[in-house]
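K.L.:
There's a structure below that I have some questions on.
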Amino acid sequence: MAIALETCHALREAAALLGRAPAARFLGGGTLLVRALNEGEADFSTLVRCLDPSLAEIRASGPRIRIGAAVTMARILATRELDFLHSAARSVGGPAVRAQATLGGNLFAPPPYGDLCAALLALDARVSVQSGYSARDVSVEDFLRERGNGAGRTLVAGVELTRPRDSRAFRFLKVSKVRPKGVSMLTMAARLEESGGRLSGVRVVYANMAPAPARAAAVERALEGRRLDRTGIEAAAAVASEGFSPPTDSLASSWYRRAVAPVHLSRLLTGDSKRSA
Amino acid sequence: MSHLTLRYRLNGNERADLVAGDETLLSLLRYRLDTTSVRQGCRQGTCGTCTVLVDGEPRLACITLAATCEGCAIETADSLPGSGGLHPLQQAFMDHFAAQCGFCTTGMLMAAKALLDVNPSPSREEVIDAIGGNICRCTGYEPIVEAVLAAATAARAGATPPAAHRHC
Ligand SMILES: Cc1cc2nc3c(=O)[nH]c(=O)nc-3n(C[C@H](O)[C@H](O)[C@H](O)COP(=O)(O)OP(=O)(O)OC[C@H]3O[C@@H](n4cnc5c(N)ncnc54)[C@H](O)[C@@H]3O)c2cc1C
């Protein structure tokens, strides 16, 4: 089946087109969509691309940051003000994939992908969504909940987030069986900000422990209000897999994921991510 | 089927080609323009053998729609040799036995060129990262890493890359 490519110049125009045509998909970098096309697995008849400059914009000079959905992993890596996101962006594929893979596409990427999405969930980012002519902001959690329903029909314009207070306040770790560039068996991200020496507003996220990146509520409860010392880390590790029924797939069994989660969580929390990567 | 005229530069030459909206850059370059240095491997973006440069960035031709390259400069391995002979990377690949069956070689060369163009003095880790999306099933990667490091040294010195020690 031949696929049509429509080019729009304004966000609203692209969103309206997506809303009107059920078999249309928004084209980000195309690393997943064109692959589906090659595999004969395309469930779309039209690709919509949008050249609105706002989609490629990065505003990162202050504490509140906005990143357009068409910003690629390579551009995140080339932006010094986004250094806290570099480990997550660098973990996505090789350089050629990173030159093409967009933030917007990562929010929709199915497992084992979605590494940057996990980081954005841990950082409590807000997703700007354009549906037809209306725009709204939703949390990454709500976005992921709704994602299945209207996949491809809504247009993500970008994300907004607050810069972590310091470089140690955000941690990211990707466990892969193939080095240097394998897909994730387990990805973890955490925002660990302190107030008076105690953790406050802790957010810990796992990817590939559930069908979509998800917060580890038991770990967050175990850490909240504590010091990030050995006792705190042990308390978190003890409940590392609580609330998760991880999938069994070609990368690992459910049992294995649950068994190794405490080890990798401890490494994430002690800042020893290199041993897992 | 909707077609559009794609204006771009291929290895320094201005071109305009009619492309279908769903045509990949691999299909255009390899099958229509006979640029056979752009290899077809997995068609999933996983093996890297179709790596070309688009405006200086490494890109996987198999998962890039040609139509998205409007106004871009595309470089393939055919562009590497200069008037003075082989590119330092090509010479170093020969000297360091970095090609065996050769199937990955053109993609490896372009991935390495993308690195050296922006970082003439890469570390070993940076070289490993740069070729991290390219699969080689013959060499074990080490000769390729050595070749890229040698090419970088040679290019900085403006000379022929130092040859590997031969043990035969
Ligand atoms: C070899 C290879 C290795 C990879 N490794 C990794 C990895 O390590 N980690 C990882 O996370 N991912 C990985 N990926 C997957 C993928 O490249 C990334 O997830 C990427 O960020 C997807 O973005 P894209 O722009 O290419 O998406 P596309 O292919 O363009 O789109 C993917 C989906 O998102 C939708 N979409 C894209 N942008 C928008 C938008 N702005 N609004 C609405 N919908 C949108 C599309 O309609 C489509 O449904 C890999 C892919 C390949 C080919």
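Ordering of the structure tokens sets the chain letters (A, B, ...); residue numbers start at 1 within each chain; ligands are numbered from 1 in the order shown.
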How close does chain B get to chain A? List, as CSV, each residue of chain B within 6 Å, its nearest atom pair and the distance in Å to one decimal, counting only C-alpha atoms.

P.N.:
```
residue,atom,partner,partner_atom,distance
B:Gly21,CA,A:Leu5,CA,4.9
B:Asp22,CA,A:Ile3,CA,5.5
B:Gln44,CA,A:Arg35,CA,5.2
B:Pro58,CA,A:Ala96,CA,4.7
B:Arg59,CA,A:Ala96,CA,4.6
B:Ile63,CA,A:Val34,CA,5.1
B:Gly132,CA,A:Gly94,CA,5.3
B:Gly133,CA,A:Gly94,CA,4.2
```

K.L.:
What do you get as a PDB file with N, CA and C atoms, in the first residue's frame if you pick all residues at most 6 Å from ligand 1, counting only C-alpha atoms and all ligand atoms?

P.N.:
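result.pdb written:
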```
ATOM      1  N   ARG A  25      -0.745   9.190  10.740  1.00  0.00           N
ATOM      2  CA  ARG A  25       0.166   9.194  11.897  1.00  0.00           C
ATOM      3  C   ARG A  25       1.108  10.375  11.758  1.00  0.00           C
ATOM      4  N   PHE A  26       1.454  10.954  12.892  1.00  0.00           N
ATOM      5  CA  PHE A  26       2.418  12.042  12.869  1.00  0.00           C
ATOM      6  C   PHE A  26       3.813  11.452  12.679  1.00  0.00           C
ATOM      7  N   LEU A  27       4.580  12.067  11.821  1.00  0.00           N
ATOM      8  CA  LEU A  27       5.952  11.592  11.579  1.00  0.00           C
ATOM      9  C   LEU A  27       6.932  12.416  12.408  1.00  0.00           C
ATOM     10  N   GLY A  28       7.598  11.755  13.348  1.00  0.00           N
ATOM     11  CA  GLY A  28       8.680  12.422  14.084  1.00  0.00           C
ATOM     12  C   GLY A  28       9.950  12.197  13.272  1.00  0.00           C
ATOM     13  N   GLY A  29      10.917  11.519  13.876  1.00  0.00           N
ATOM     14  CA  GLY A  29      12.133  11.185  13.135  1.00  0.00           C
ATOM     15  C   GLY A  29      11.931   9.988  12.232  1.00  0.00           C
ATOM     16  N   GLY A  30      10.879   9.217  12.502  1.00  0.00           N
ATOM     17  CA  GLY A  30      10.543   8.080  11.641  1.00  0.00           C
ATOM     18  C   GLY A  30      11.314   6.804  11.958  1.00  0.00           C
ATOM     19  N   THR A  31      12.084   6.776  13.047  1.00  0.00           N
ATOM     20  CA  THR A  31      12.878   5.564  13.314  1.00  0.00           C
ATOM     21  C   THR A  31      11.985   4.347  13.560  1.00  0.00           C
ATOM     22  N   LEU A  32      10.794   4.572  14.104  1.00  0.00           N
ATOM     23  CA  LEU A  32       9.877   3.450  14.314  1.00  0.00           C
ATOM     24  C   LEU A  32       8.865   3.340  13.181  1.00  0.00           C
ATOM     25  N   LEU A  33       8.401   4.485  12.702  1.00  0.00           N
ATOM     26  CA  LEU A  33       7.375   4.450  11.651  1.00  0.00           C
ATOM     27  C   LEU A  33       7.917   3.907  10.335  1.00  0.00           C
ATOM     28  N   ALA A  69       8.778  18.897  20.619  1.00  0.00           N
ATOM     29  CA  ALA A  69       8.667  17.452  20.386  1.00  0.00           C
ATOM     30  C   ALA A  69       9.599  16.959  19.286  1.00  0.00           C
ATOM     31  N   SER A  91      21.654   7.187  25.894  1.00  0.00           N
ATOM     32  CA  SER A  91      21.354   5.745  25.989  1.00  0.00           C
ATOM     33  C   SER A  91      20.481   5.267  24.818  1.00  0.00           C
ATOM     34  N   VAL A  92      19.975   6.197  24.025  1.00  0.00           N
ATOM     35  CA  VAL A  92      19.078   5.807  22.923  1.00  0.00           C
ATOM     36  C   VAL A  92      19.891   5.474  21.671  1.00  0.00           C
ATOM     37  N   GLY A  93      19.920   4.203  21.290  1.00  0.00           N
ATOM     38  CA  GLY A  93      20.547   3.753  20.047  1.00  0.00           C
ATOM     39  C   GLY A  93      21.972   4.241  19.851  1.00  0.00           C
ATOM     40  N   VAL A  97      20.825   6.809  15.038  1.00  0.00           N
ATOM     41  CA  VAL A  97      19.464   6.787  15.588  1.00  0.00           C
ATOM     42  C   VAL A  97      19.222   8.069  16.381  1.00  0.00           C
ATOM     43  N   GLN A 100      18.158  11.173  14.629  1.00  0.00           N
ATOM     44  CA  GLN A 100      16.842  11.114  14.008  1.00  0.00           C
ATOM     45  C   GLN A 100      15.716  10.996  15.044  1.00  0.00           C
ATOM     46  N   ALA A 101      16.001  10.263  16.123  1.00  0.00           N
ATOM     47  CA  ALA A 101      14.967   9.952  17.124  1.00  0.00           C
ATOM     48  C   ALA A 101      14.550  11.212  17.875  1.00  0.00           C
ATOM     49  N   THR A 102      13.252  11.479  17.908  1.00  0.00           N
ATOM     50  CA  THR A 102      12.777  12.695  18.572  1.00  0.00           C
ATOM     51  C   THR A 102      12.233  12.404  19.974  1.00  0.00           C
ATOM     52  N   LEU A 103      12.157  13.475  20.730  1.00  0.00           N
ATOM     53  CA  LEU A 103      11.551  13.401  22.068  1.00  0.00           C
ATOM     54  C   LEU A 103      10.090  12.976  21.937  1.00  0.00           C
ATOM     55  N   GLY A 104       9.367  13.596  20.977  1.00  0.00           N
ATOM     56  CA  GLY A 104       7.944  13.267  20.793  1.00  0.00           C
ATOM     57  C   GLY A 104       7.759  11.789  20.512  1.00  0.00           C
ATOM     58  N   GLY A 105       8.580  11.240  19.627  1.00  0.00           N
ATOM     59  CA  GLY A 105       8.471   9.822  19.278  1.00  0.00           C
ATOM     60  C   GLY A 105       8.783   8.930  20.459  1.00  0.00           C
ATOM     61  N   ASN A 106       9.698   9.378  21.313  1.00  0.00           N
ATOM     62  CA  ASN A 106      10.068   8.562  22.480  1.00  0.00           C
ATOM     63  C   ASN A 106       8.905   8.433  23.460  1.00  0.00           C
ATOM     64  N   PHE A 108       5.951   7.962  22.672  1.00  0.00           N
ATOM     65  CA  PHE A 108       5.017   6.961  22.132  1.00  0.00           C
ATOM     66  C   PHE A 108       5.688   5.603  21.937  1.00  0.00           C
ATOM     67  N   ALA A 109       7.000   5.541  22.114  1.00  0.00           N
ATOM     68  CA  ALA A 109       7.728   4.310  21.767  1.00  0.00           C
ATOM     69  C   ALA A 109       7.329   3.162  22.694  1.00  0.00           C
ATOM     70  N   TYR A 113      11.518   0.271  24.286  1.00  0.00           N
ATOM     71  CA  TYR A 113      11.975   1.644  24.098  1.00  0.00           C
ATOM     72  C   TYR A 113      11.310   2.582  25.114  1.00  0.00           C
ATOM     73  N   GLY A 114      11.606   3.859  24.967  1.00  0.00           N
ATOM     74  CA  GLY A 114      11.008   4.846  25.871  1.00  0.00           C
ATOM     75  C   GLY A 114      11.947   5.248  26.999  1.00  0.00           C
ATOM     76  N   ASP A 115      13.258   5.213  26.738  1.00  0.00           N
ATOM     77  CA  ASP A 115      14.213   5.553  27.803  1.00  0.00           C
ATOM     78  C   ASP A 115      14.109   7.015  28.221  1.00  0.00           C
ATOM     79  N   LEU A 116      13.998   7.910  27.244  1.00  0.00           N
ATOM     80  CA  LEU A 116      13.889   9.330  27.595  1.00  0.00           C
ATOM     81  C   LEU A 116      12.548   9.595  28.288  1.00  0.00           C
ATOM     82  N   GLY A 152      -1.371   8.432  17.951  1.00  0.00           N
ATOM     83  CA  GLY A 152      -1.209   8.948  16.604  1.00  0.00           C
ATOM     84  C   GLY A 152      -2.224  10.031  16.256  1.00  0.00           C
ATOM     85  N   THR A 154      -3.388  12.485  18.456  1.00  0.00           N
ATOM     86  CA  THR A 154      -3.073  13.774  19.071  1.00  0.00           C
ATOM     87  C   THR A 154      -1.636  14.125  18.729  1.00  0.00           C
ATOM     88  N   LEU A 155      -1.388  15.413  18.743  1.00  0.00           N
ATOM     89  CA  LEU A 155      -0.044  15.877  18.407  1.00  0.00           C
ATOM     90  C   LEU A 155       0.630  16.372  19.683  1.00  0.00           C
ATOM     91  N   VAL A 156       1.787  15.837  19.975  1.00  0.00           N
ATOM     92  CA  VAL A 156       2.545  16.360  21.106  1.00  0.00           C
ATOM     93  C   VAL A 156       3.384  17.518  20.593  1.00  0.00           C
ATOM     94  N   ALA A 157       3.223  18.675  21.234  1.00  0.00           N
ATOM     95  CA  ALA A 157       3.967  19.856  20.790  1.00  0.00           C
ATOM     96  C   ALA A 157       5.323  19.941  21.490  1.00  0.00           C
ATOM     97  N   VAL A 183      19.222  -2.603  23.464  1.00  0.00           N
ATOM     98  CA  VAL A 183      17.979  -2.064  23.992  1.00  0.00           C
ATOM     99  C   VAL A 183      17.901  -2.375  25.483  1.00  0.00           C
TER     100      VAL A 183
ATOM    101  N   GLN B  44      15.954  -2.133   9.289  1.00  0.00           N
ATOM    102  CA  GLN B  44      15.315  -1.828  10.583  1.00  0.00           C
ATOM    103  C   GLN B  44      16.096  -0.775  11.343  1.00  0.00           C
ATOM    104  N   GLY B  45      17.177  -0.289  10.767  1.00  0.00           N
ATOM    105  CA  GLY B  45      18.003   0.692  11.471  1.00  0.00           C
ATOM    106  C   GLY B  45      18.949   0.069  12.474  1.00  0.00           C
ATOM    107  N   THR B  46      19.052  -1.257  12.452  1.00  0.00           N
ATOM    108  CA  THR B  46      19.813  -1.935  13.496  1.00  0.00           C
ATOM    109  C   THR B  46      21.257  -2.215  13.106  1.00  0.00           C
TER     110      THR B  46
END
```

K.L.:
Give me the residues near range 6-14 of chain B as a VMD selection string, where near means some atom within 12 Å (using only C-alpha atoms) and where sequence neighbours in that chain fewer than 3 positions away do not count.

P.N.:
chain B and resid 3 17 to 21 23 25 28 to 29 33 35 52 to 56 65 to 82

K.L.:
Could you list, as an mmCIF file with C-alpha atoms, in the first residue's frame, every residue within 12 Å of Arg153 in chain A, counting only C-alpha atoms and ignoring same-chain residues fewer than 3 positions away?

P.N.:
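Below you can see selection_8.cif, which holds the result:
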```cif
data_model
loop_
_atom_site.group_PDB
_atom_site.id
_atom_site.type_symbol
_atom_site.label_atom_id
_atom_site.label_comp_id
_atom_site.auth_asym_id
_atom_site.auth_seq_id
_atom_site.Cartn_x
_atom_site.Cartn_y
_atom_site.Cartn_z
ATOM 1 C CA ALA A 14 -1.104 19.244 11.478
ATOM 2 C CA ALA A 15 -3.210 18.508 14.577
ATOM 3 C CA ALA A 16 -6.420 19.157 12.664
ATOM 4 C CA LEU A 17 -5.319 16.858 9.868
ATOM 5 C CA LEU A 18 -4.490 14.084 12.365
ATOM 6 C CA GLY A 19 -7.879 14.543 14.003
ATOM 7 C CA ARG A 20 -9.704 14.255 10.681
ATOM 8 C CA ALA A 21 -7.886 11.252 9.235
ATOM 9 C CA PRO A 22 -8.032 8.139 11.446
ATOM 10 C CA ALA A 23 -5.367 6.331 9.401
ATOM 11 C CA ALA A 24 -2.890 9.226 9.625
ATOM 12 C CA ARG A 25 0.166 9.194 11.897
ATOM 13 C CA PHE A 26 2.418 12.042 12.869
ATOM 14 C CA LEU A 27 5.952 11.592 11.579
ATOM 15 C CA PHE A 44 -1.471 4.007 8.593
ATOM 16 C CA THR A 46 -0.872 8.909 5.632
ATOM 17 C CA LEU A 47 2.137 10.356 7.387
ATOM 18 C CA VAL A 48 1.860 13.938 8.571
ATOM 19 C CA PHE A 108 5.017 6.961 22.132
ATOM 20 C CA VAL A 129 -0.793 18.118 23.607
ATOM 21 C CA GLN A 130 -2.603 19.631 20.650
ATOM 22 C CA SER A 131 -5.859 17.901 19.668
ATOM 23 C CA GLY A 132 -7.536 19.506 16.709
ATOM 24 C CA GLU A 146 -4.254 8.042 27.551
ATOM 25 C CA ARG A 147 -1.560 7.094 25.034
ATOM 26 C CA GLY A 148 -3.135 3.795 23.975
ATOM 27 C CA ASN A 149 -6.521 5.330 23.257
ATOM 28 C CA GLY A 150 -5.707 8.052 20.777
ATOM 29 C CA VAL A 156 2.545 16.360 21.106
#
```

K.L.:
So which residues touch Asp249 in chain A within 12 Å, counting only C-alpha atoms, skipping near sequence neighbours fewer than 3 positions away, as a list of chain:residue names?

P.N.:
A:Pro111, A:Pro112, A:Ser184, A:Met185, A:Leu186, A:Asn208, A:Met209, A:Ala210, A:Pro211, A:Pro246, A:Ala252, A:Ser253, A:Ser254, A:Trp255, A:Tyr256, A:Arg257

K.L.:
Given only C-alpha atoms as the basis, pick out the residue of A:Ala135, A:Ala118, A:Ile76, A:Leu161 nearest to Val204 in chain A.

P.N.:
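Checking each candidate against Val204 in chain A, we get A:Ala118 as the closest.
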
K.L.:
Would you kindly return, as a list in words, each protein, DNA or RNA residue with an atom no farther than 9 Å from any atom of range 265-272 of chain A, considering only C-alpha atoms and excluding same-chain residues fewer than 5 positions away?

P.N.:
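Final neighbour list, sorted by chain and number: Arg168, Arg171, Phe172, Leu173, Met188, Ala189, Ala190, Leu192, Leu228, Asp229, Arg230, Ile233, Glu234, Ala236, Ala237, Ala240 and Val260 of chain A.
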
K.L.:
For Pro143 in chain B, please output as a list of chain:residue names all residues within 7 Å (counting only C-alpha atoms; exclusion window: fewer than 2 positions along the same chain).

P.N.:
B:His96, B:Phe97, B:Ala98, B:Thr139, B:Tyr141, B:Val145, B:Glu146, B:Ala147

K.L.:
May I have the selected residues written with N, CA and C atoms, as a PDB file, in the first residue's frame?

P.N.:
```
ATOM      1  N   HIS B  96      44.978  -1.413   8.781  1.00  0.00           N
ATOM      2  CA  HIS B  96      44.687  -2.076  10.059  1.00  0.00           C
ATOM      3  C   HIS B  96      43.794  -3.305   9.889  1.00  0.00           C
ATOM      4  N   PHE B  97      43.617  -3.757   8.654  1.00  0.00           N
ATOM      5  CA  PHE B  97      42.780  -4.947   8.385  1.00  0.00           C
ATOM      6  C   PHE B  97      41.398  -4.779   9.002  1.00  0.00           C
ATOM      7  N   ALA B  98      40.839  -3.576   8.835  1.00  0.00           N
ATOM      8  CA  ALA B  98      39.554  -3.280   9.461  1.00  0.00           C
ATOM      9  C   ALA B  98      38.375  -3.719   8.607  1.00  0.00           C
ATOM     10  N   THR B 139      35.309  -8.680  12.217  1.00  0.00           N
ATOM     11  CA  THR B 139      36.585  -8.206  12.765  1.00  0.00           C
ATOM     12  C   THR B 139      36.687  -8.247  14.278  1.00  0.00           C
ATOM     13  N   TYR B 141      35.655  -5.799  15.903  1.00  0.00           N
ATOM     14  CA  TYR B 141      35.649  -4.341  16.127  1.00  0.00           C
ATOM     15  C   TYR B 141      37.011  -3.721  16.429  1.00  0.00           C
ATOM     16  N   VAL B 145      38.360   0.086  15.448  1.00  0.00           N
ATOM     17  CA  VAL B 145      38.637   1.159  16.429  1.00  0.00           C
ATOM     18  C   VAL B 145      40.067   1.662  16.226  1.00  0.00           C
ATOM     19  N   GLU B 146      40.992   0.731  16.064  1.00  0.00           N
ATOM     20  CA  GLU B 146      42.408   1.121  15.847  1.00  0.00           C
ATOM     21  C   GLU B 146      42.543   1.957  14.570  1.00  0.00           C
ATOM     22  N   ALA B 147      41.825   1.542  13.526  1.00  0.00           N
ATOM     23  CA  ALA B 147      41.920   2.258  12.247  1.00  0.00           C
ATOM     24  C   ALA B 147      41.391   3.679  12.383  1.00  0.00           C
TER      25      ALA B 147
END
```

K.L.:
Which is closer to Cys138 in chain B than all the others in B:Cys101, B:Cys42, B:Ala155, B:Ala61, using only C-alpha atoms?

P.N.:
B:Cys101

K.L.:
Please indicate the distance in Å from CA of Arg203 in chain A to CA of Leu120 in chain A, rounded to one decimal place.

P.N.:
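Taking CA of Arg203 in chain A as the start and CA of Leu120 in chain A as the end point, the length is 10.7 Å.
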
K.L.:
Which of these residues is nearest to Asp117 in chain B, using only C-alpha atoms: B:Ala16, B:Cys62, B:Leu26, B:Ala152?

P.N.:
B:Ala152

K.L.:
Please extract the residues of range 95-264 of chain A with a backbone DSSP assignment of helix (DSSP H, G or I) and present them as a PyMOL selection string.

P.N.:
chain A and resi 95-98+103-108+115-122+140-147+167-169+217-223+230-238+254-264

K.L.:
Taking the DSSP secondary structure from the backbone, can you list the residues of chain B that are strand (DSSP E), as a ChimeraX atom specification?

P.N.:
/B:3-10,13-20,51-54,57-60,73-75

K.L.:
Emit the selected residues as a tab-separated table (two decimals), in the first residue's frame, including N, CA, C and O atoms.

P.N.:
```tsv
chain	number	residue	atom	x	y	z
B	3	HIS	N	3.83	12.11	-5.50
B	3	HIS	CA	5.26	12.26	-5.70
B	3	HIS	C	5.64	13.71	-5.48
B	3	HIS	O	4.80	14.60	-5.62
B	4	LEU	N	6.86	13.95	-5.13
B	4	LEU	CA	7.32	15.33	-5.04
B	4	LEU	C	8.74	15.42	-5.56
B	4	LEU	O	9.46	14.41	-5.63
B	5	THR	N	9.11	16.64	-5.92
B	5	THR	CA	10.47	16.82	-6.43
B	5	THR	C	11.39	17.11	-5.26
B	5	THR	O	11.18	18.06	-4.51
B	6	LEU	N	12.39	16.27	-5.12
B	6	LEU	CA	13.35	16.43	-4.03
B	6	LEU	C	14.60	17.10	-4.57
B	6	LEU	O	15.26	16.57	-5.47
B	7	ARG	N	14.88	18.28	-4.03
B	7	ARG	CA	16.12	18.97	-4.43
B	7	ARG	C	17.13	18.78	-3.31
B	7	ARG	O	16.83	19.05	-2.14
B	8	TYR	N	18.31	18.31	-3.65
B	8	TYR	CA	19.32	18.02	-2.63
B	8	TYR	C	20.69	17.96	-3.30
B	8	TYR	O	20.81	18.09	-4.53
B	9	ARG	N	21.72	17.80	-2.49
B	9	ARG	CA	23.05	17.66	-3.04
B	9	ARG	C	23.57	16.26	-2.69
B	9	ARG	O	23.53	15.87	-1.52
B	10	LEU	N	24.02	15.53	-3.70
B	10	LEU	CA	24.56	14.19	-3.45
B	10	LEU	C	26.05	14.22	-3.76
B	10	LEU	O	26.45	14.44	-4.91
B	13	ASN	N	27.09	17.16	-5.75
B	13	ASN	CA	26.38	17.49	-7.00
B	13	ASN	C	24.91	17.81	-6.72
B	13	ASN	O	24.23	17.03	-6.05
B	14	GLU	N	24.46	18.96	-7.26
B	14	GLU	CA	23.05	19.33	-7.10
B	14	GLU	C	22.20	18.33	-7.87
B	14	GLU	O	22.54	17.98	-9.00
B	15	ARG	N	21.09	17.93	-7.25
B	15	ARG	CA	20.18	17.00	-7.95
B	15	ARG	C	18.73	17.37	-7.68
B	15	ARG	O	18.42	18.00	-6.66
B	16	ALA	N	17.87	16.95	-8.55
B	16	ALA	CA	16.42	17.03	-8.32
B	16	ALA	C	15.84	15.72	-8.80
B	16	ALA	O	16.05	15.34	-9.96
B	17	ASP	N	15.22	14.98	-7.90
B	17	ASP	CA	14.64	13.69	-8.28
B	17	ASP	C	13.19	13.62	-7.81
B	17	ASP	O	12.86	14.14	-6.74
B	18	LEU	N	12.40	12.96	-8.58
B	18	LEU	CA	11.01	12.75	-8.22
B	18	LEU	C	10.96	11.58	-7.22
B	18	LEU	O	11.46	10.50	-7.53
B	19	VAL	N	10.41	11.80	-6.04
B	19	VAL	CA	10.34	10.70	-5.07
B	19	VAL	C	8.91	10.52	-4.58
B	19	VAL	O	8.15	11.48	-4.49
B	20	ALA	N	8.59	9.28	-4.23
B	20	ALA	CA	7.29	9.01	-3.62
B	20	ALA	C	7.39	9.36	-2.14
B	20	ALA	O	8.48	9.29	-1.55
B	51	THR	N	24.56	3.51	6.56
B	51	THR	CA	24.85	4.85	7.12
B	51	THR	C	25.38	5.80	6.06
B	51	THR	O	26.34	5.50	5.33
B	52	VAL	N	24.75	6.96	5.96
B	52	VAL	CA	25.23	8.05	5.10
B	52	VAL	C	25.26	9.30	5.97
B	52	VAL	O	24.80	9.28	7.12
B	53	LEU	N	25.80	10.38	5.46
B	53	LEU	CA	25.75	11.63	6.21
B	53	LEU	C	24.70	12.53	5.58
B	53	LEU	O	24.65	12.69	4.35
B	54	VAL	N	23.85	13.09	6.40
B	54	VAL	CA	22.87	14.09	5.95
B	54	VAL	C	23.19	15.38	6.70
B	54	VAL	O	23.11	15.41	7.93
B	57	GLU	N	25.43	14.85	9.62
B	57	GLU	CA	25.05	13.92	10.70
B	57	GLU	C	24.92	12.50	10.15
B	57	GLU	O	24.42	12.31	9.04
B	58	PRO	N	25.32	11.50	10.94
B	58	PRO	CA	25.12	10.12	10.46
B	58	PRO	C	23.64	9.80	10.44
B	58	PRO	O	22.91	10.14	11.37
B	59	ARG	N	23.19	9.18	9.38
B	59	ARG	CA	21.77	8.81	9.28
B	59	ARG	C	21.66	7.43	8.65
B	59	ARG	O	22.49	7.04	7.83
B	60	LEU	N	20.62	6.72	9.07
B	60	LEU	CA	20.39	5.39	8.53
B	60	LEU	C	19.46	5.53	7.33
B	60	LEU	O	18.28	5.86	7.49
B	73	ALA	N	22.45	18.17	2.21
B	73	ALA	CA	23.66	17.67	1.55
B	73	ALA	C	23.86	16.23	2.02
B	73	ALA	O	24.00	15.98	3.22
B	74	ILE	N	23.86	15.30	1.07
B	74	ILE	CA	24.01	13.88	1.42
B	74	ILE	C	25.38	13.41	0.96
B	74	ILE	O	25.80	13.68	-0.16
B	75	GLU	N	26.08	12.74	1.86
B	75	GLU	CA	27.40	12.18	1.51
B	75	GLU	C	27.36	10.68	1.69
B	75	GLU	O	26.88	10.18	2.70
```
